[in-house]
Amino acid sequence: MRIDLHCHSTASDGTDSPAGLVAAAARAGLDTLAITDHDTTAGWAEAAAALPPGLGLVRGAELTCASEDGRGGQCTIHLLAYLFDPHAETVVREYARTRAERRSRLRTMAERMAADGYPVDPDTLLGDLPPDAPAGRPHLAQALVRAGVVGSVNEAFTELLHGRNGYYVPSSKTPVREAIDMVKAAGGVTVLAHGFAHQRGPTISADVVVDLVDAGLDGLEVDHPDHDDDSRARLRAIADRHDLIVTGSSDYHGTNKTIRLGARTTAPEMLDEIVARASGSGLLVGA
């Protein structure tokens, strides 16, 4: 069984449509994939409708959260939420808030760049996005690539969208404990995404991870492309000590990243545990 539980589509910042993501998973020989777009369930229906016979689909999302870092400060972390009820009142309310905040933030960043002469039109940028899509810096990065300002999304972040200049606008993120409670109330299962991926930026300490377990966190994404051997070993030790779900995933974004589908995978018994704990929605399998 080949199971990849962290994949993105054009519903957030991937380059494959939800249907295209499902087709790519089938070509890659996956048995089950999860669609986990950032802060949205907008791709669920299209992905479900495109399932070929025998391919499993875990419907989920990757939530952007704020957390104490365990060193006296704060940092951004990401929470994978699986098989929750997308119509739960708390989920609908929080998604509406984050979508509106993200669009306002993206417009401000685009306006600042346009004022400095960059070929970015805020109205066009936002107008090209579906109304329920979570707008973010990757969309601005893609616009800069299309305009020939930079050669890649990674270069856009490194050179212009890194947060150390006047273009960046900080975002208002959901406190992680509130996000865990929200997903639990909606019948879902929560897994900390790439928790020790230090190359991405500041991360939380092991003590904070344990505190989140006490707050209801179900599992840890251990086998991720951005985790080195030491990070995987430390996360696995925490998972073993606290009897947590352990997942492995590619964090696939299509051509926005070089990682291929199925580059890291999850053990079948761990998928079974996610399904067993969830009550908000179920695993879909193409007929």
# chains A, B, ... in the order shown; residues from 1 in each chain; ligands from 1
call {"tool": "closest_atom_pairs", "arguments": {"of": "region 65-118 of chain A", "to": "region 126-139 of chain A", "cutoff": "12 Å", "atoms": "only C-alpha atoms", "output": "JSON lines"}}
result
{"residue": "A:Val92", "atom": "CA", "partner": "A:Asp132", "partner_atom": "CA", "distance": 11.5}
{"residue": "A:Tyr95", "atom": "CA", "partner": "A:Pro134", "partner_atom": "CA", "distance": 8.7}
{"residue": "A:Ala96", "atom": "CA", "partner": "A:Asp132", "partner_atom": "CA", "distance": 8.7}
{"residue": "A:Arg97", "atom": "CA", "partner": "A:Pro134", "partner_atom": "CA", "distance": 10.5}
{"residue": "A:Thr98", "atom": "CA", "partner": "A:Pro134", "partner_atom": "CA", "distance": 7.7}
{"residue": "A:Arg99", "atom": "CA", "partner": "A:Pro134", "partner_atom": "CA", "distance": 5.3}
{"residue": "A:Ala100", "atom": "CA", "partner": "A:Pro134", "partner_atom": "CA", "distance": 8.5}
{"residue": "A:Glu101", "atom": "CA", "partner": "A:Ala135", "partner_atom": "CA", "distance": 8.9}
{"residue": "A:Arg102", "atom": "CA", "partner": "A:Ala135", "partner_atom": "CA", "distance": 5.4}
{"residue": "A:Arg103", "atom": "CA", "partner": "A:Ala135", "partner_atom": "CA", "distance": 5.4}
{"residue": "A:Ser104", "atom": "CA", "partner": "A:Ala135", "partner_atom": "CA", "distance": 8.9}
{"residue": "A:Arg105", "atom": "CA", "partner": "A:Gly136", "partner_atom": "CA", "distance": 7.8}
{"residue": "A:Leu106", "atom": "CA", "partner": "A:Gly136", "partner_atom": "CA", "distance": 5.9}
{"residue": "A:Arg107", "atom": "CA", "partner": "A:Leu126", "partner_atom": "CA", "distance": 7.4}
{"residue": "A:Thr108", "atom": "CA", "partner": "A:Arg137", "partner_atom": "CA", "distance": 11.2}
{"residue": "A:Met109", "atom": "CA", "partner": "A:Arg137", "partner_atom": "CA", "distance": 8.6}
{"residue": "A:Ala110", "atom": "CA", "partner": "A:Arg137", "partner_atom": "CA", "distance": 9.5}
{"residue": "A:Glu111", "atom": "CA", "partner": "A:Leu126", "partner_atom": "CA", "distance": 11.5}
call {"tool": "write_last_selection", "arguments": {"atoms": "all heavy atoms", "output": "compact mmCIF listing (two decimals), in the first residue's frame"}}
result
# COMPACT_ATOMS: atom_id res chain seq x y z
N VAL A 92 -16.72 26.60 9.26
CA VAL A 92 -17.20 27.56 8.27
C VAL A 92 -16.84 28.98 8.68
O VAL A 92 -16.37 29.79 7.85
CB VAL A 92 -18.73 27.42 8.09
CG1 VAL A 92 -19.27 28.55 7.21
CG2 VAL A 92 -19.06 26.06 7.48
N TYR A 95 -12.93 29.56 8.40
CA TYR A 95 -12.50 29.63 7.01
C TYR A 95 -12.91 30.96 6.38
O TYR A 95 -12.15 31.56 5.61
CB TYR A 95 -13.09 28.48 6.20
CG TYR A 95 -12.31 27.19 6.30
CD1 TYR A 95 -12.76 26.03 5.70
CD2 TYR A 95 -11.10 27.13 7.00
CE1 TYR A 95 -12.05 24.85 5.78
CE2 TYR A 95 -10.40 25.97 7.09
CZ TYR A 95 -10.87 24.82 6.48
OH TYR A 95 -10.16 23.66 6.56
N ALA A 96 -14.11 31.43 6.69
CA ALA A 96 -14.55 32.72 6.16
C ALA A 96 -13.64 33.84 6.66
O ALA A 96 -13.27 34.75 5.89
CB ALA A 96 -16.00 32.98 6.55
N ARG A 97 -13.29 33.80 7.92
CA ARG A 97 -12.40 34.84 8.48
C ARG A 97 -11.04 34.80 7.82
O ARG A 97 -10.51 35.84 7.41
CB ARG A 97 -12.24 34.63 9.99
CG ARG A 97 -11.41 35.72 10.66
CD ARG A 97 -10.96 35.34 12.05
NE ARG A 97 -9.95 34.29 12.04
CZ ARG A 97 -8.65 34.50 11.79
NH1 ARG A 97 -8.21 35.72 11.52
NH2 ARG A 97 -7.79 33.51 11.79
N THR A 98 -10.44 33.60 7.71
CA THR A 98 -9.09 33.53 7.16
C THR A 98 -9.06 33.87 5.67
O THR A 98 -8.11 34.49 5.19
CB THR A 98 -8.47 32.14 7.40
OG1 THR A 98 -9.32 31.13 6.83
CG2 THR A 98 -8.30 31.87 8.88
N ARG A 99 -10.12 33.49 4.93
CA ARG A 99 -10.16 33.84 3.51
C ARG A 99 -10.19 35.35 3.31
O ARG A 99 -9.46 35.89 2.47
CB ARG A 99 -11.38 33.20 2.83
CG ARG A 99 -11.17 31.78 2.37
CD ARG A 99 -12.21 31.37 1.33
NE ARG A 99 -13.57 31.52 1.82
CZ ARG A 99 -14.24 30.58 2.48
NH1 ARG A 99 -13.65 29.43 2.74
NH2 ARG A 99 -15.48 30.78 2.87
N ALA A 100 -11.03 36.02 4.08
CA ALA A 100 -11.13 37.48 3.95
C ALA A 100 -9.82 38.15 4.34
O ALA A 100 -9.35 39.08 3.67
CB ALA A 100 -12.27 38.00 4.82
N GLU A 101 -9.20 37.68 5.42
CA GLU A 101 -7.94 38.27 5.88
C GLU A 101 -6.83 38.01 4.87
O GLU A 101 -6.01 38.91 4.59
CB GLU A 101 -7.58 37.68 7.25
CG GLU A 101 -6.44 38.37 7.95
CD GLU A 101 -5.07 37.81 7.57
OE1 GLU A 101 -5.03 36.65 7.11
OE2 GLU A 101 -4.08 38.52 7.73
N ARG A 102 -6.78 36.83 4.29
CA ARG A 102 -5.75 36.50 3.31
C ARG A 102 -5.88 37.37 2.06
O ARG A 102 -4.88 37.82 1.49
CB ARG A 102 -5.82 35.03 2.93
CG ARG A 102 -5.18 34.07 3.92
CD ARG A 102 -5.49 32.64 3.54
NE ARG A 102 -4.77 31.69 4.36
CZ ARG A 102 -3.62 31.12 4.02
NH1 ARG A 102 -3.05 31.45 2.88
NH2 ARG A 102 -3.03 30.25 4.81
N ARG A 103 -7.10 37.62 1.60
CA ARG A 103 -7.29 38.43 0.41
C ARG A 103 -6.89 39.88 0.65
O ARG A 103 -6.26 40.51 -0.21
CB ARG A 103 -8.75 38.33 -0.07
CG ARG A 103 -9.04 37.02 -0.76
CD ARG A 103 -10.46 36.87 -1.22
NE ARG A 103 -10.58 35.63 -1.97
CZ ARG A 103 -10.46 35.51 -3.29
NH1 ARG A 103 -10.23 36.59 -4.02
NH2 ARG A 103 -10.55 34.34 -3.88
N SER A 104 -7.25 40.40 1.81
CA SER A 104 -6.85 41.77 2.15
C SER A 104 -5.34 41.88 2.23
O SER A 104 -4.74 42.85 1.72
CB SER A 104 -7.49 42.16 3.48
OG SER A 104 -7.03 43.43 3.90
N ARG A 105 -4.71 40.88 2.82
CA ARG A 105 -3.24 40.87 2.96
C ARG A 105 -2.58 40.80 1.59
O ARG A 105 -1.63 41.53 1.31
CB ARG A 105 -2.85 39.67 3.81
CG ARG A 105 -1.37 39.42 3.96
CD ARG A 105 -1.16 38.15 4.76
NE ARG A 105 0.24 37.87 5.00
CZ ARG A 105 0.85 36.73 4.65
NH1 ARG A 105 0.17 35.78 4.04
NH2 ARG A 105 2.13 36.54 4.92
N LEU A 106 -3.07 39.91 0.71
CA LEU A 106 -2.46 39.76 -0.61
C LEU A 106 -2.61 41.04 -1.42
O LEU A 106 -1.67 41.47 -2.10
CB LEU A 106 -3.11 38.58 -1.35
CG LEU A 106 -2.54 38.27 -2.73
CD1 LEU A 106 -1.06 37.91 -2.66
CD2 LEU A 106 -3.33 37.15 -3.41
N ARG A 107 -3.77 41.69 -1.34
CA ARG A 107 -3.97 42.94 -2.06
C ARG A 107 -2.97 44.00 -1.59
O ARG A 107 -2.36 44.70 -2.41
CB ARG A 107 -5.40 43.44 -1.89
CG ARG A 107 -5.63 44.82 -2.52
CD ARG A 107 -7.06 45.26 -2.43
NE ARG A 107 -7.92 44.48 -3.31
CZ ARG A 107 -8.04 44.70 -4.62
NH1 ARG A 107 -7.35 45.69 -5.20
NH2 ARG A 107 -8.83 43.96 -5.34
N THR A 108 -2.79 44.12 -0.29
CA THR A 108 -1.86 45.12 0.23
C THR A 108 -0.44 44.86 -0.26
O THR A 108 0.27 45.79 -0.68
CB THR A 108 -1.90 45.13 1.76
OG1 THR A 108 -3.22 45.46 2.19
CG2 THR A 108 -0.92 46.15 2.34
N MET A 109 0.01 43.61 -0.24
CA MET A 109 1.36 43.28 -0.71
C MET A 109 1.50 43.60 -2.19
O MET A 109 2.52 44.16 -2.63
CB MET A 109 1.68 41.82 -0.42
CG MET A 109 1.96 41.55 1.05
SD MET A 109 2.64 39.89 1.37
CE MET A 109 1.17 38.89 1.14
N ALA A 110 0.48 43.23 -2.98
CA ALA A 110 0.53 43.50 -4.42
C ALA A 110 0.54 45.00 -4.69
O ALA A 110 1.27 45.48 -5.59
CB ALA A 110 -0.65 42.83 -5.12
N GLU A 111 -0.25 45.76 -3.95
CA GLU A 111 -0.27 47.22 -4.12
C GLU A 111 1.08 47.84 -3.79
O GLU A 111 1.54 48.75 -4.49
CB GLU A 111 -1.37 47.82 -3.25
CG GLU A 111 -2.78 47.53 -3.75
CD GLU A 111 -3.86 47.99 -2.78
OE1 GLU A 111 -3.51 48.28 -1.61
OE2 GLU A 111 -5.02 48.06 -3.19
call {"tool": "closest_atom_pairs", "arguments": {"of": "region 116-160 of chain A", "to": "region 193-213 of chain A", "cutoff": "12 Å", "atoms": "only C-alpha atoms", "output": "tab-separated table"}}
result
residue	atom	partner	partner_atom	distance
A:Asn154	CA	A:Arg200	CA	11.8
A:Phe157	CA	A:Arg200	CA	11.5
A:Thr158	CA	A:Arg200	CA	11.5
call {"tool": "closest_residue", "arguments": {"among": "A:Ile245, A:Leu79, A:Leu125, A:Met113", "to": "Ala66 (chain A)", "atoms": "only C-alpha atoms"}}
result
A:Leu79
call {"tool": "closest_residue", "arguments": {"among": "A:Glu269, A:Asp69, A:Asp13, A:Asp85", "to": "Trp44 (chain A)", "atoms": "only C-alpha atoms"}}
result
A:Asp85
call {"tool": "atom_distance", "arguments": {"atom1": "CA of Asp4 (chain A)", "atom2": "CA of Ser67 (chain A)"}}
result
25.9 Å
call {"tool": "select_by_dssp", "arguments": {"residues": "region 43-267 of chain A", "states": "strand (DSSP E or B)", "output": "VMD selection string"}}
result
chain A and resid 56 to 68 74 to 82 174 to 175 189 to 193 219 to 223 245 to 248 252
call {"tool": "closest_residue", "arguments": {"among": "A:Met182, A:Thr15, A:Tyr168, A:Gln142", "to": "Pro86 (chain A)", "atoms": "only C-alpha atoms"}}
result
A:Met182
call {"tool": "residues_around", "arguments": {"residues": "Leu144 (chain A)", "least_positions_apart": "4", "cutoff": "10 Å", "atoms": "only C-alpha atoms", "output": "list of chain:residue names"}}
result
A:Tyr118, A:Pro119, A:Val120, A:Pro138, A:His139, A:Leu140, A:Gly148, A:Val149, A:Val150, A:Gly151, A:Ser152, A:Val153, A:Glu155, A:Ala156, A:Leu160
call {"tool": "residues_around", "arguments": {"residues": "region 273-287 of chain A", "least_positions_apart": "2", "cutoff": "7 Å", "atoms": "only C-alpha atoms", "output": "list in words"}}
result
Leu51, Pro52, Pro53, Gly54, Leu55, Gly56, Leu57, Val58, Leu83, Phe84, Asp85, Ala186, Gly187, Gly188, Val189, Glu269, Met270 and Leu271 of chain A
call {"tool": "atom_distance", "arguments": {"atom1": "CA of His253 (chain A)", "atom2": "CA of Ser17 (chain A)"}}
result
10.5 Å
call {"tool": "atom_distance", "arguments": {"atom1": "CA of Thr76 (chain A)", "atom2": "CA of Glu159 (chain A)"}}
result
20.5 Å
call {"tool": "residues_around", "arguments": {"residues": "Asp218 (chain A)", "least_positions_apart": "3", "cutoff": "6 Å", "atoms": "only C-alpha atoms", "output": "list in words"}}
result
Thr190, Val191 and Leu244 of chain A
call {"tool": "closest_residue", "arguments": {"among": "A:Ala24, A:Ala42, A:Ala81, A:Leu261", "to": "Thr10 (chain A)", "atoms": "only C-alpha atoms"}}
result
A:Ala42
call {"tool": "residues_around", "arguments": {"residues": "Asp31 (chain A)", "least_positions_apart": "3", "cutoff": "6 Å", "atoms": "only C-alpha atoms", "output": "PyMOL selection string"}}
result
chain A and resi 1-3+55
